[in-house]
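Source file: query18.txt. Holds: compact mmCIF, C-alpha atoms and all ligand atoms.
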```
# COMPACT_ATOMS: atom_id res chain seq x y z
CA MET E 1 172.19 -104.05 158.38
CA PHE E 2 171.42 -107.78 158.51
CA GLU E 3 173.13 -109.28 161.59
CA LYS E 4 171.21 -112.47 162.24
CA SER E 5 173.09 -115.77 162.36
CA THR E 6 172.37 -119.31 163.49
CA TRP E 7 173.98 -122.75 163.72
CA ILE E 8 171.69 -125.63 162.80
CA ARG E 9 173.50 -128.72 164.03
CA LEU E 10 172.33 -132.05 162.68
CA PRO E 11 173.68 -135.64 162.69
CA ARG E 12 175.98 -136.57 159.82
CA ASN E 13 174.47 -140.04 159.39
CA VAL E 14 171.00 -141.26 160.30
CA VAL E 15 171.10 -145.01 159.71
CA MET E 16 167.80 -146.79 160.26
CA GLY E 17 166.20 -150.07 159.28
CA HIS E 18 166.40 -153.81 159.55
CA ASP E 19 169.43 -155.16 161.46
CA VAL E 20 171.42 -151.92 161.18
CA LEU E 21 172.85 -152.67 164.63
CA ALA E 22 175.34 -154.76 162.68
CA ASP E 23 176.53 -151.52 161.03
CA VAL E 24 177.85 -149.83 164.18
CA GLY E 25 181.48 -150.55 163.20
CA ALA E 26 180.85 -149.26 159.67
CA VAL E 27 179.26 -146.07 160.99
CA ILE E 28 182.22 -145.48 163.32
CA ALA E 29 184.59 -145.92 160.39
CA ASP E 30 182.50 -143.63 158.16
CA THR E 31 182.49 -140.87 160.77
CA HIS E 32 186.29 -141.24 161.21
CA LEU E 33 186.02 -141.88 164.95
CA THR E 34 189.14 -143.36 166.43
CA GLY E 35 190.24 -144.46 169.90
CA ARG E 36 188.30 -146.02 172.73
CA PRO E 37 184.44 -146.00 172.70
CA LEU E 38 182.35 -145.79 175.89
CA ILE E 39 178.87 -147.35 175.68
CA VAL E 40 176.40 -145.63 178.02
CA THR E 41 173.36 -147.82 178.54
CA SER E 42 170.81 -149.06 181.09
CA PRO E 43 170.07 -152.62 182.28
CA THR E 44 167.64 -153.96 179.61
CA PRO E 45 169.12 -152.11 176.60
CA LYS E 46 172.49 -153.45 177.73
CA SER E 47 171.48 -157.02 176.89
CA VAL E 48 169.34 -156.04 173.87
CA ALA E 49 171.98 -153.91 172.13
CA GLY E 50 174.83 -152.85 174.45
CA GLU E 51 176.49 -156.26 174.69
CA PRO E 52 176.06 -157.13 170.98
CA ILE E 53 177.73 -153.79 170.17
CA VAL E 54 180.62 -154.58 172.56
CA ASP E 55 181.08 -158.00 170.87
CA GLN E 56 181.01 -156.41 167.43
CA LEU E 57 183.51 -153.68 168.29
CA GLU E 58 185.86 -156.14 170.03
CA ALA E 59 185.77 -158.29 166.89
CA ASP E 60 186.74 -155.13 164.95
CA GLY E 61 189.80 -154.79 167.20
CA LEU E 62 188.46 -151.90 169.32
CA ASP E 63 188.56 -151.78 173.11
CA PRO E 64 185.02 -150.71 174.12
CA LEU E 65 184.06 -149.89 177.70
CA LEU E 66 180.45 -150.14 178.93
CA THR E 67 178.81 -148.24 181.77
CA ILE E 68 175.30 -148.51 183.17
CA VAL E 69 173.13 -145.52 184.09
CA GLU E 70 169.92 -145.85 186.10
CA THR E 71 168.49 -142.34 186.39
CA ALA E 72 168.72 -139.19 184.28
CA ASN E 73 170.21 -136.50 186.49
CA PHE E 74 173.33 -134.32 186.62
CA GLN E 75 175.08 -136.75 189.01
CA ALA E 76 174.74 -139.51 186.42
CA VAL E 77 176.19 -137.20 183.76
CA GLU E 78 179.13 -136.41 186.10
CA ARG E 79 179.76 -140.11 186.72
CA VAL E 80 179.89 -140.84 182.99
CA ILE E 81 182.29 -137.91 182.48
CA GLU E 82 184.59 -139.28 185.23
CA THR E 83 184.45 -142.80 183.78
CA ALA E 84 185.28 -141.49 180.32
CA ARG E 85 188.18 -139.33 181.58
CA SER E 86 189.73 -142.05 183.73
CA ALA E 87 189.53 -144.64 180.94
CA ASP E 88 190.86 -142.35 178.22
CA VAL E 89 187.69 -142.63 176.14
CA SER E 90 187.53 -140.93 172.73
CA TYR E 91 183.80 -141.00 171.95
CA LEU E 92 180.49 -142.17 173.42
CA LEU E 93 177.54 -144.29 172.30
CA GLY E 94 174.19 -143.76 174.06
CA VAL E 95 172.31 -147.07 173.84
CA GLY E 96 168.75 -147.32 175.17
CA GLY E 97 165.76 -145.12 175.93
CA GLY E 98 165.64 -141.34 176.32
CA LYS E 99 167.46 -141.26 179.64
CA ALA E 100 170.57 -143.19 178.54
CA ILE E 101 170.73 -141.16 175.32
CA ASP E 102 170.32 -137.82 177.15
CA ILE E 103 173.07 -138.70 179.64
CA ALA E 104 175.48 -139.80 176.91
CA LYS E 105 174.64 -136.68 174.88
CA MET E 106 175.31 -134.29 177.77
CA ALA E 107 178.47 -136.10 178.95
CA ALA E 108 179.87 -136.11 175.40
CA ASP E 109 179.12 -132.41 175.05
CA ASP E 110 180.94 -131.65 178.30
CA LEU E 111 183.90 -133.82 177.31
CA GLY E 112 184.01 -132.24 173.87
CA VAL E 113 183.86 -135.64 172.16
CA ASP E 114 181.50 -137.12 169.59
CA PHE E 115 178.51 -139.24 170.46
CA ILE E 116 176.42 -141.82 168.58
CA SER E 117 172.75 -142.29 169.44
CA VAL E 118 171.52 -145.90 169.38
CA PRO E 119 167.84 -145.92 170.40
CA THR E 120 166.50 -149.33 171.45
CA ALA E 121 162.93 -148.03 171.65
CA ALA E 122 160.85 -145.51 169.70
CA SER E 123 159.75 -143.90 172.97
CA HIS E 124 160.86 -140.24 172.71
CA ASP E 125 162.00 -137.64 170.18
CA GLY E 126 165.41 -136.96 171.74
CA ILE E 127 167.17 -139.56 169.57
CA VAL E 128 168.34 -136.92 167.09
CA SER E 129 167.93 -133.65 168.99
CA GLY E 130 170.71 -131.40 170.20
CA ARG E 131 168.98 -131.06 173.56
CA GLY E 132 169.32 -132.89 176.84
CA SER E 133 166.48 -132.88 179.36
CA VAL E 134 167.27 -133.23 183.07
CA PRO E 135 165.44 -132.59 186.31
CA ASP E 136 167.29 -130.46 188.87
CA GLY E 137 165.56 -129.79 192.18
CA ASP E 138 162.39 -127.79 191.55
CA THR E 139 163.21 -127.14 187.95
CA ARG E 140 163.83 -128.97 184.69
CA HIS E 141 166.58 -127.95 182.32
CA SER E 142 166.56 -128.27 178.57
CA VAL E 143 170.31 -128.25 178.02
CA ALA E 144 171.91 -127.38 174.70
CA ALA E 145 174.26 -130.18 173.66
CA ALA E 146 175.93 -131.26 170.48
CA PRO E 147 173.59 -133.52 168.46
CA PRO E 148 174.74 -137.08 167.80
CA ILE E 149 177.27 -137.39 165.01
CA ALA E 150 175.28 -140.46 163.94
CA VAL E 151 172.02 -142.21 164.80
CA ILE E 152 171.67 -145.98 164.44
CA ALA E 153 168.04 -147.07 164.82
CA ASP E 154 167.53 -150.80 164.28
CA THR E 155 163.85 -151.34 163.47
CA ASN E 156 164.18 -155.03 164.31
CA VAL E 157 165.27 -154.19 167.88
CA ILE E 158 162.73 -151.38 168.20
CA ALA E 159 159.79 -153.50 166.94
CA GLU E 160 160.60 -156.10 169.62
CA ALA E 161 160.66 -153.53 172.45
CA PRO E 162 157.55 -153.42 174.67
CA TRP E 163 154.62 -151.94 172.71
CA GLU E 164 153.99 -149.23 175.31
CA LEU E 165 157.40 -147.71 174.52
CA THR E 166 156.29 -147.23 170.89
CA THR E 167 152.92 -145.77 171.90
CA ALA E 168 154.84 -143.37 174.20
CA GLY E 169 156.92 -142.21 171.22
CA CYS E 170 153.74 -141.67 169.19
CA ALA E 171 152.22 -139.65 172.03
CA ASP E 172 155.42 -137.54 172.30
CA ILE E 173 154.88 -136.70 168.61
CA ILE E 174 151.13 -136.04 169.01
CA SER E 175 152.03 -133.53 171.75
CA ASN E 176 153.73 -131.43 169.04
CA TYR E 177 150.27 -130.00 168.21
CA THR E 178 149.98 -128.18 171.53
CA ALA E 179 153.71 -127.45 171.73
CA VAL E 180 153.50 -125.50 168.45
CA LYS E 181 150.33 -123.69 169.58
CA ASP E 182 152.08 -122.65 172.80
CA TRP E 183 155.12 -121.49 170.85
CA GLN E 184 152.96 -119.38 168.50
CA LEU E 185 151.13 -117.92 171.48
CA ALA E 186 154.44 -117.03 173.16
CA ASN E 187 155.51 -115.38 169.91
CA ARG E 188 152.31 -113.30 169.76
CA LEU E 189 152.16 -112.35 173.44
CA GLN E 190 155.80 -112.27 174.52
CA ASN E 191 157.67 -111.74 171.25
CA VAL E 192 159.43 -115.10 171.70
CA GLU E 193 161.32 -115.91 168.50
CA TYR E 194 159.34 -118.35 166.36
CA SER E 195 160.65 -120.39 163.45
CA GLU E 196 158.04 -121.00 160.74
CA TYR E 197 160.08 -123.90 159.35
CA ALA E 198 160.57 -125.63 162.71
CA GLY E 199 156.92 -125.05 163.69
CA ALA E 200 155.60 -126.33 160.36
CA LEU E 201 157.88 -129.39 160.41
CA SER E 202 156.87 -130.27 163.96
CA GLN E 203 153.15 -129.91 163.22
CA MET E 204 153.38 -131.79 159.91
CA THR E 205 155.20 -134.62 161.69
CA ALA E 206 152.30 -134.98 164.12
CA GLU E 207 149.76 -134.84 161.27
CA MET E 208 151.57 -137.50 159.24
CA LEU E 209 151.81 -139.81 162.24
CA VAL E 210 148.11 -139.40 163.08
CA ASP E 211 147.20 -140.04 159.41
CA ARG E 212 149.05 -143.36 159.65
CA ALA E 213 147.90 -144.25 163.19
CA ASP E 214 145.88 -147.26 162.06
CA SER E 215 148.93 -148.91 160.49
CA ILE E 216 151.02 -148.60 163.67
CA LYS E 217 150.74 -152.04 165.30
CA PRO E 218 152.71 -154.03 167.90
CA GLY E 219 155.62 -156.13 166.69
CA LEU E 220 155.65 -154.77 163.13
CA GLU E 221 158.94 -153.46 161.81
CA GLU E 222 157.04 -151.23 159.36
CA SER E 223 155.44 -149.54 162.37
CA ALA E 224 158.80 -149.07 164.08
CA TRP E 225 160.04 -147.51 160.82
CA LEU E 226 157.13 -145.03 160.69
CA VAL E 227 157.52 -143.96 164.31
CA VAL E 228 161.33 -143.63 164.14
CA LYS E 229 160.99 -141.43 161.04
CA ALA E 230 158.57 -139.18 162.93
CA LEU E 231 160.90 -139.02 165.95
CA VAL E 232 163.82 -138.09 163.70
CA SER E 233 161.73 -135.40 162.02
CA SER E 234 160.64 -133.94 165.36
CA GLY E 235 164.26 -133.91 166.56
CA VAL E 236 165.29 -132.07 163.40
CA ALA E 237 162.59 -129.46 164.14
CA MET E 238 164.20 -128.92 167.56
CA SER E 239 167.62 -128.59 165.93
CA ILE E 240 166.32 -126.01 163.44
CA ALA E 241 164.72 -124.04 166.29
CA GLY E 242 167.78 -124.38 168.52
CA SER E 243 165.38 -125.18 171.36
CA SER E 244 162.87 -127.85 172.36
CA ARG E 245 160.03 -125.35 171.75
CA PRO E 246 158.63 -127.09 168.61
CA ALA E 247 158.10 -130.28 170.62
CA SER E 248 157.64 -129.06 174.18
CA GLY E 249 154.95 -126.73 175.47
CA ALA E 250 152.65 -126.74 178.48
CA GLU E 251 151.87 -130.47 178.05
CA HIS E 252 155.59 -131.11 178.71
CA LEU E 253 155.62 -128.77 181.72
CA PHE E 254 152.67 -130.80 183.08
CA SER E 255 154.62 -134.04 182.50
CA HIS E 256 157.80 -132.69 184.10
CA GLN E 257 155.79 -131.75 187.20
CA LEU E 258 154.15 -135.19 187.22
CA ASP E 259 157.68 -136.69 187.21
CA ARG E 260 158.28 -134.88 190.50
CA ILE E 261 154.84 -135.52 192.04
CA ALA E 262 154.48 -139.18 191.00
CA PRO E 263 158.00 -140.33 190.03
CA GLY E 264 158.19 -143.37 187.77
CA ALA E 265 154.40 -143.71 187.46
CA ALA E 266 154.25 -143.46 183.67
CA LEU E 267 156.39 -143.01 180.58
CA HIS E 268 157.33 -139.51 179.45
CA GLY E 269 155.46 -139.84 176.14
CA HIS E 270 152.27 -141.09 177.81
CA GLN E 271 152.30 -138.18 180.28
CA VAL E 272 152.79 -135.53 177.61
CA GLY E 273 150.00 -137.15 175.56
CA VAL E 274 147.48 -136.84 178.41
CA GLY E 275 148.79 -133.32 179.03
CA ALA E 276 148.19 -132.47 175.37
CA ILE E 277 144.48 -133.36 175.66
CA MET E 278 144.03 -130.87 178.49
CA ILE E 279 146.27 -128.17 177.03
CA GLU E 280 144.42 -128.41 173.70
CA TYR E 281 141.18 -127.85 175.65
CA LEU E 282 142.70 -124.71 177.19
CA HIS E 283 143.69 -123.48 173.72
CA SER E 284 140.49 -124.20 171.84
CA GLY E 285 137.66 -124.70 174.34
CA GLU E 286 135.10 -127.39 174.96
CA LYS E 287 134.17 -127.90 171.29
CA GLY E 288 137.79 -127.64 170.18
CA ALA E 289 140.39 -130.08 168.91
CA TRP E 290 141.03 -131.82 172.24
CA HIS E 291 138.63 -134.55 171.02
CA ASP E 292 140.96 -135.11 168.04
CA VAL E 293 144.04 -135.30 170.28
CA ARG E 294 142.32 -137.80 172.59
CA ASP E 295 141.03 -139.87 169.63
CA ALA E 296 144.51 -139.96 168.06
CA LEU E 297 146.00 -141.20 171.34
CA GLU E 298 143.28 -143.84 171.67
CA ARG E 299 143.92 -145.04 168.12
CA ILE E 300 147.57 -145.73 168.92
CA ASP E 301 146.74 -147.36 172.29
CA ALA E 302 148.23 -144.57 174.42
CA PRO E 303 146.71 -143.57 177.78
CA THR E 304 144.11 -140.78 177.85
CA THR E 305 143.21 -140.78 181.56
CA ALA E 306 144.86 -140.41 184.97
CA ASP E 307 143.87 -144.00 185.79
CA GLU E 308 145.63 -145.30 182.69
CA LEU E 309 148.73 -143.30 183.63
CA GLY E 310 148.61 -144.78 187.12
CA VAL E 311 148.32 -141.40 188.85
CA SER E 312 145.58 -139.92 191.03
CA ALA E 313 143.20 -137.07 190.19
CA GLU E 314 145.00 -134.98 192.85
CA ASP E 315 148.33 -135.61 191.12
CA VAL E 316 146.89 -134.35 187.83
CA VAL E 317 145.44 -131.22 189.42
CA ASP E 318 148.68 -130.55 191.36
CA ALA E 319 150.77 -130.96 188.22
CA LEU E 320 148.47 -128.70 186.15
CA THR E 321 148.34 -125.91 188.73
CA SER E 322 152.12 -125.89 189.30
CA ALA E 323 153.31 -126.63 185.73
CA HIS E 324 153.96 -122.94 184.93
CA GLU E 325 156.53 -122.76 187.77
CA ILE E 326 158.90 -125.41 186.46
CA ARG E 327 160.57 -123.44 183.71
CA ASP E 328 160.66 -119.94 182.30
CA ARG E 329 158.70 -120.87 179.18
CA TYR E 330 155.56 -118.93 178.30
CA THR E 331 152.57 -121.14 177.43
CA ILE E 332 148.77 -121.09 177.57
CA LEU E 333 149.16 -121.62 181.33
CA GLY E 334 150.47 -118.06 181.60
CA GLY E 335 151.13 -117.27 185.26
CA GLY E 336 149.26 -120.38 186.35
CA ILE E 337 145.70 -121.71 186.47
CA SER E 338 143.50 -122.04 189.52
CA GLU E 339 142.62 -125.35 191.14
CA GLU E 340 138.97 -124.94 190.05
CA ALA E 341 140.05 -124.38 186.43
CA ALA E 342 142.38 -127.40 186.59
CA ILE E 343 139.61 -129.63 187.95
CA GLN E 344 137.25 -128.36 185.25
CA VAL E 345 139.65 -129.02 182.34
CA ALA E 346 140.63 -132.44 183.66
CA THR E 347 137.01 -133.44 184.30
CA THR E 348 135.57 -132.13 181.03
CA THR E 349 138.25 -133.92 179.02
CA GLY E 350 137.67 -137.15 180.98
CA VAL E 351 141.26 -137.24 182.24
CA ILE E 352 139.95 -137.52 185.83
N1 LIG J 401 166.57 -134.63 174.74
C1 LIG J 401 165.38 -134.57 174.19
O1 LIG J 401 165.16 -133.84 173.22
C2 LIG J 401 164.30 -135.44 174.73
C3 LIG J 401 163.13 -135.65 173.98
C4 LIG J 401 162.14 -136.48 174.50
C5 LIG J 401 162.33 -137.09 175.74
N2 LIG J 401 163.48 -136.86 176.42
C6 LIG J 401 163.71 -137.46 177.72
O2 LIG J 401 163.78 -138.87 177.55
C7 LIG J 401 163.25 -139.51 178.70
C8 LIG J 401 162.11 -140.42 178.29
O3 LIG J 401 162.59 -141.44 177.48
P1 LIG J 401 162.02 -142.93 177.63
O4 LIG J 401 160.55 -142.88 177.69
O5 LIG J 401 162.69 -143.75 176.58
O6 LIG J 401 162.49 -143.34 179.10
P2 LIG J 401 163.65 -144.35 179.58
O7 LIG J 401 164.95 -143.99 178.99
O8 LIG J 401 163.53 -144.38 181.06
O9 LIG J 401 163.19 -145.74 178.95
C9 LIG J 401 162.01 -146.35 179.42
C10 LIG J 401 162.30 -147.81 179.76
O10 LIG J 401 162.39 -148.54 178.55
C11 LIG J 401 163.47 -149.45 178.66
N3 LIG J 401 163.85 -149.92 177.31
C12 LIG J 401 164.44 -149.22 176.33
N4 LIG J 401 164.61 -149.98 175.24
C13 LIG J 401 164.10 -151.20 175.54
C14 LIG J 401 163.97 -152.44 174.83
N5 LIG J 401 164.39 -152.57 173.57
N6 LIG J 401 163.40 -153.48 175.47
C15 LIG J 401 162.96 -153.37 176.74
N7 LIG J 401 163.04 -152.23 177.47
C16 LIG J 401 163.61 -151.16 176.87
C17 LIG J 401 164.50 -148.66 179.41
O11 LIG J 401 165.49 -149.48 179.94
C18 LIG J 401 163.62 -148.02 180.49
O12 LIG J 401 163.41 -148.89 181.57
C19 LIG J 401 162.78 -138.41 179.64
O13 LIG J 401 163.79 -138.16 180.60
C20 LIG J 401 162.59 -137.24 178.70
O14 LIG J 401 162.68 -136.00 179.35
C21 LIG J 401 164.47 -136.06 175.95
O1 LIG J 402 162.81 -129.57 176.75
P1 LIG J 402 161.88 -130.63 177.21
O2 LIG J 402 160.63 -130.05 177.84
O3 LIG J 402 162.53 -131.63 178.09
O4 LIG J 402 161.35 -131.38 175.92
C1 LIG J 402 162.17 -132.23 175.16
C2 LIG J 402 161.33 -133.33 174.56
O5 LIG J 402 160.72 -134.09 175.58
C3 LIG J 402 160.35 -132.89 173.54
O6 LIG J 402 159.57 -133.97 173.14
ZN ZN J 403 158.89 -135.13 174.90
```
Show this structure as structure tokens.
Amino acid sequence: MFEKSTWIRLPRNVVMGHDVLADVGAVIADTHLTGRPLIVTSPTPKSVAGEPIVDQLEADGLDPLLTIVETANFQAVERVIETARSADVSYLLGVGGGKAIDIAKMAADDLGVDFISVPTAASHDGIVSGRGSVPDGDTRHSVAAAPPIAVIADTNVIAEAPWELTTAGCADIISNYTAVKDWQLANRLQNVEYSEYAGALSQMTAEMLVDRADSIKPGLEESAWLVVKALVSSGVAMSIAGSSRPASGAEHLFSHQLDRIAPGAALHGHQVGVGAIMIEYLHSGEKGAWHDVRDALERIDAPTTADELGVSAEDVVDALTSAHEIRDRYTILGGGISEEAAIQVATTTGVI
């Protein structure tokens, strides 16, 4: 008897392009949201998009509230939940980078209200996903959450964001190569459920982005458009899989450990990109595709070395040797790699 079932939860509206920030009110009306909105943002995105959204919604006769978050952790999620409850908020807008969007997403899920994702940078592939990613002590959770009911990605705003945020988003997509390899390996060795559709979509997204790498340039709205489309596609792959597996393998475990060892040193996307070079080496050996991963990162201006990330060689080795401990997710790292092996992979690939 066939007993399998799944829920693939996706946004109702993905609105992207030139000046679509002006459409926030229209999107709210289209999604039939009523009541008081809470805008969850961080300091720079507040002035770039948060305040213009408040002005727009006030002009529409709404009574928006705005709250600032600084760090992505469970305490921040709790604070947003309390703010929303005490102000009788009906739905949330996450406005900013990955951290503001993750916090809004998780708070909305807990409150049981809808949430709109308004990325101000193309720096991560969580803009569409039904996952939240938060550190918690020695571990890092990938929390299931409702996906945004709508995404509003203004390519004008995103093209004006610092260029390194866009290169971080590209590197987050390039890391899909190793994430999919790790997922397939876990399927073969540990019988972890694998989705052909999600895996193929994630890998194809990386391939399409790399094929267009030379047309991704600073300040160009066309480039912002290309990268946002790839981030949306990668988020959809996660929603199909019902996990972050299609976009997060050992290169993400390495990055999550680096966040703990060298907090704030580099952007998430840049860390996973450098991780992907080394993890690809572990998958395919010295003559393998790690050269292609490194070349793709170089072509989009993303870091490929510890120096460029602003971390030490010891940090890289520590993160690589402890990455397997951070989460119960089987990858090429298996039960862990030795310090000698970590030094060898990082040296051979030129990361240290
Ligand atoms: N939920 C998911 O599926 C998922 C996917 C990928 C990444 N993530 C998470 O997202 C986070 C990484 O996201 P991030 O790299 O955007 O980090 P971030 O949210 O810290 O943003 C980086 C910086 O860019 C700034 N910024 C954003 N837009 C700007 C603009 N227009 N102009 C100037 N500055 C701007 C932010 O204020 C911040 O200082 C990590 O916590 C990661 O785990 C989650
Ligand atoms: O589940 P994690 O490892 O946080 O991954 C989510 C996202 O960063 C994938 O690009
Ligand atoms: Zn990522």
**OP:** Could you pull out the residues sitting within 6 Å of ligand LIG 402 (chain J), using all atoms listed in the file, and write them as a list in words?
**Re:** Asp125, Ser133, Ser142, Asp172, Ser244, Ala247, Ser248 and His252 of chain E
Would you give me, as a Markdown table, each residue of region 129-200 of chain E having an atom within 9 Å of an atom of region 281-289 of chain E, along with its shortest atom pair and that distance in Å to one decimal, using all atoms listed in the file and sorting by chain and residue number?
```
| residue | atom | partner | partner_atom | distance |
| --- | --- | --- | --- | --- |
| E:Thr178 | CA | E:His283 | CA | 8.2 |
| E:Lys181 | CA | E:His283 | CA | 7.8 |
| E:Asp182 | CA | E:His283 | CA | 8.5 |
```
Subject >> Among listed residues E:Thr83, E:Ser90, E:Ser223, E:Thr166, nearest His124 (chain E) (using all atoms listed in the file) >> reply: E:Thr166
Original post:
Between E:Ala237, E:Ala168, E:Asn187, E:Ala161, which is the closest to Leu220 (chain E) once you count all atoms listed in the file?
Top reply: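 Residue with the minimum atom-to-atom distance to Leu220 (chain E): E:Ala161.
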Original post:
Residues at most 8 Å from ligand LIG 401 (chain J), using only C-alpha atoms and all ligand atoms? Could they come as an NGL selection string?
Top reply: :E and (42-45 or 48-49 or 71-72 or 96-102 or 119-134 or 142 or 157-158 or 160-162 or 165 or 168-169 or 172 or 235 or 238 or 244 or 256 or 267-269)
**OP:** Go through E:Val345, E:Val89, E:Ala179, E:Ile28 one by one, measure the shortest atom-to-atom distance of each to ligand ZN 403 (chain J) using all atoms listed in the file, and give the residue with the smallest value.
**Re:**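 Using all atoms listed in the file, ligand ZN 403 (chain J) sits closest to E:Ala179.
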Original post:
Which one of E:Ile173, E:Ile240, E:Ala313, E:Leu209 sits closest to ligand ZN 403 (chain J) if you count all atoms listed in the file?
Top reply: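 Closest candidate: E:Ile173.
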Original post:
CA of Ile53 (chain E) to CA of Val118 (chain E): how many Å, to one decimal?
Top reply: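 So the two atoms, CA of Ile53 (chain E) and CA of Val118 (chain E), lie 10.1 Å apart.
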Original post:
Hey, what's within 9 Å of Ile116 (chain E) if we count all atoms listed in the file and toss same-chain stuff fewer than 2 positions away? As a ChimeraX atom specification, please?
Top reply: /E:11,28,91-95,101,104-105,114,118,147-152
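Considering all atoms listed in the file, the residue among E:Asp301, E:Arg36, E:Ala262, E:Ile332 positioned nearest to Trp183 (chain E) is E:Ile332.
With distances taken over only C-alpha atoms and all ligand atoms, E:His270 is the one residue among E:Arg140, E:Arg188, E:His270, E:Lys46 lying closest to ligand ZN 403 (chain J).
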Take region 309-324 of chain E, bring it up to N, CA, C and O atoms, and give me the output as a PDB file, keeping the file's coordinate frame.
```pdb
ATOM      1  N   LEU E 309     147.339-143.699 183.339  1.00  0.00           N
ATOM      2  CA  LEU E 309     148.730-143.300 183.630  1.00  0.00           C
ATOM      3  C   LEU E 309     149.206-143.894 184.952  1.00  0.00           C
ATOM      4  O   LEU E 309     150.404-143.943 185.222  1.00  0.00           O
ATOM      5  N   GLY E 310     148.223-144.273 185.797  1.00  0.00           N
ATOM      6  CA  GLY E 310     148.610-144.780 187.120  1.00  0.00           C
ATOM      7  C   GLY E 310     148.861-143.656 188.116  1.00  0.00           C
ATOM      8  O   GLY E 310     149.650-143.807 189.048  1.00  0.00           O
ATOM      9  N   VAL E 311     148.196-142.507 187.902  1.00  0.00           N
ATOM     10  CA  VAL E 311     148.320-141.400 188.850  1.00  0.00           C
ATOM     11  C   VAL E 311     146.931-141.011 189.340  1.00  0.00           C
ATOM     12  O   VAL E 311     145.919-141.371 188.729  1.00  0.00           O
ATOM     13  N   SER E 312     146.883-140.284 190.468  1.00  0.00           N
ATOM     14  CA  SER E 312     145.580-139.920 191.030  1.00  0.00           C
ATOM     15  C   SER E 312     145.079-138.605 190.427  1.00  0.00           C
ATOM     16  O   SER E 312     145.852-137.847 189.814  1.00  0.00           O
ATOM     17  N   ALA E 313     143.780-138.345 190.647  1.00  0.00           N
ATOM     18  CA  ALA E 313     143.200-137.070 190.190  1.00  0.00           C
ATOM     19  C   ALA E 313     143.917-135.907 190.854  1.00  0.00           C
ATOM     20  O   ALA E 313     144.196-134.882 190.210  1.00  0.00           O
ATOM     21  N   GLU E 314     144.290-136.063 192.133  1.00  0.00           N
ATOM     22  CA  GLU E 314     145.000-134.980 192.850  1.00  0.00           C
ATOM     23  C   GLU E 314     146.355-134.713 192.194  1.00  0.00           C
ATOM     24  O   GLU E 314     146.780-133.570 192.055  1.00  0.00           O
ATOM     25  N   ASP E 315     147.030-135.785 191.792  1.00  0.00           N
ATOM     26  CA  ASP E 315     148.330-135.610 191.120  1.00  0.00           C
ATOM     27  C   ASP E 315     148.172-134.769 189.856  1.00  0.00           C
ATOM     28  O   ASP E 315     148.985-133.877 189.576  1.00  0.00           O
ATOM     29  N   VAL E 316     147.121-135.074 189.083  1.00  0.00           N
ATOM     30  CA  VAL E 316     146.890-134.350 187.830  1.00  0.00           C
ATOM     31  C   VAL E 316     146.635-132.870 188.123  1.00  0.00           C
ATOM     32  O   VAL E 316     147.222-131.976 187.490  1.00  0.00           O
ATOM     33  N   VAL E 317     145.779-132.608 189.088  1.00  0.00           N
ATOM     34  CA  VAL E 317     145.440-131.220 189.420  1.00  0.00           C
ATOM     35  C   VAL E 317     146.676-130.494 189.959  1.00  0.00           C
ATOM     36  O   VAL E 317     146.962-129.358 189.567  1.00  0.00           O
ATOM     37  N   ASP E 318     147.441-131.168 190.830  1.00  0.00           N
ATOM     38  CA  ASP E 318     148.680-130.550 191.360  1.00  0.00           C
ATOM     39  C   ASP E 318     149.645-130.215 190.223  1.00  0.00           C
ATOM     40  O   ASP E 318     150.245-129.137 190.188  1.00  0.00           O
ATOM     41  N   ALA E 319     149.819-131.168 189.317  1.00  0.00           N
ATOM     42  CA  ALA E 319     150.770-130.960 188.220  1.00  0.00           C
ATOM     43  C   ALA E 319     150.305-129.818 187.313  1.00  0.00           C
ATOM     44  O   ALA E 319     151.116-128.991 186.873  1.00  0.00           O
ATOM     45  N   LEU E 320     148.992-129.761 187.039  1.00  0.00           N
ATOM     46  CA  LEU E 320     148.470-128.700 186.150  1.00  0.00           C
ATOM     47  C   LEU E 320     148.608-127.323 186.797  1.00  0.00           C
ATOM     48  O   LEU E 320     148.984-126.357 186.123  1.00  0.00           O
ATOM     49  N   THR E 321     148.322-127.235 188.086  1.00  0.00           N
ATOM     50  CA  THR E 321     148.340-125.910 188.730  1.00  0.00           C
ATOM     51  C   THR E 321     149.763-125.419 188.996  1.00  0.00           C
ATOM     52  O   THR E 321     149.973-124.230 189.198  1.00  0.00           O
ATOM     53  N   SER E 322     150.742-126.328 189.015  1.00  0.00           N
ATOM     54  CA  SER E 322     152.120-125.890 189.300  1.00  0.00           C
ATOM     55  C   SER E 322     153.030-125.957 188.060  1.00  0.00           C
ATOM     56  O   SER E 322     154.203-125.583 188.147  1.00  0.00           O
ATOM     57  N   ALA E 323     152.476-126.413 186.928  1.00  0.00           N
ATOM     58  CA  ALA E 323     153.310-126.630 185.730  1.00  0.00           C
ATOM     59  C   ALA E 323     154.026-125.353 185.272  1.00  0.00           C
ATOM     60  O   ALA E 323     155.179-125.399 184.830  1.00  0.00           O
ATOM     61  N   HIS E 324     153.364-124.207 185.404  1.00  0.00           N
ATOM     62  CA  HIS E 324     153.960-122.940 184.930  1.00  0.00           C
ATOM     63  C   HIS E 324     155.213-122.567 185.716  1.00  0.00           C
ATOM     64  O   HIS E 324     155.992-121.730 185.266  1.00  0.00           O
TER      65      HIS E 324
END
```
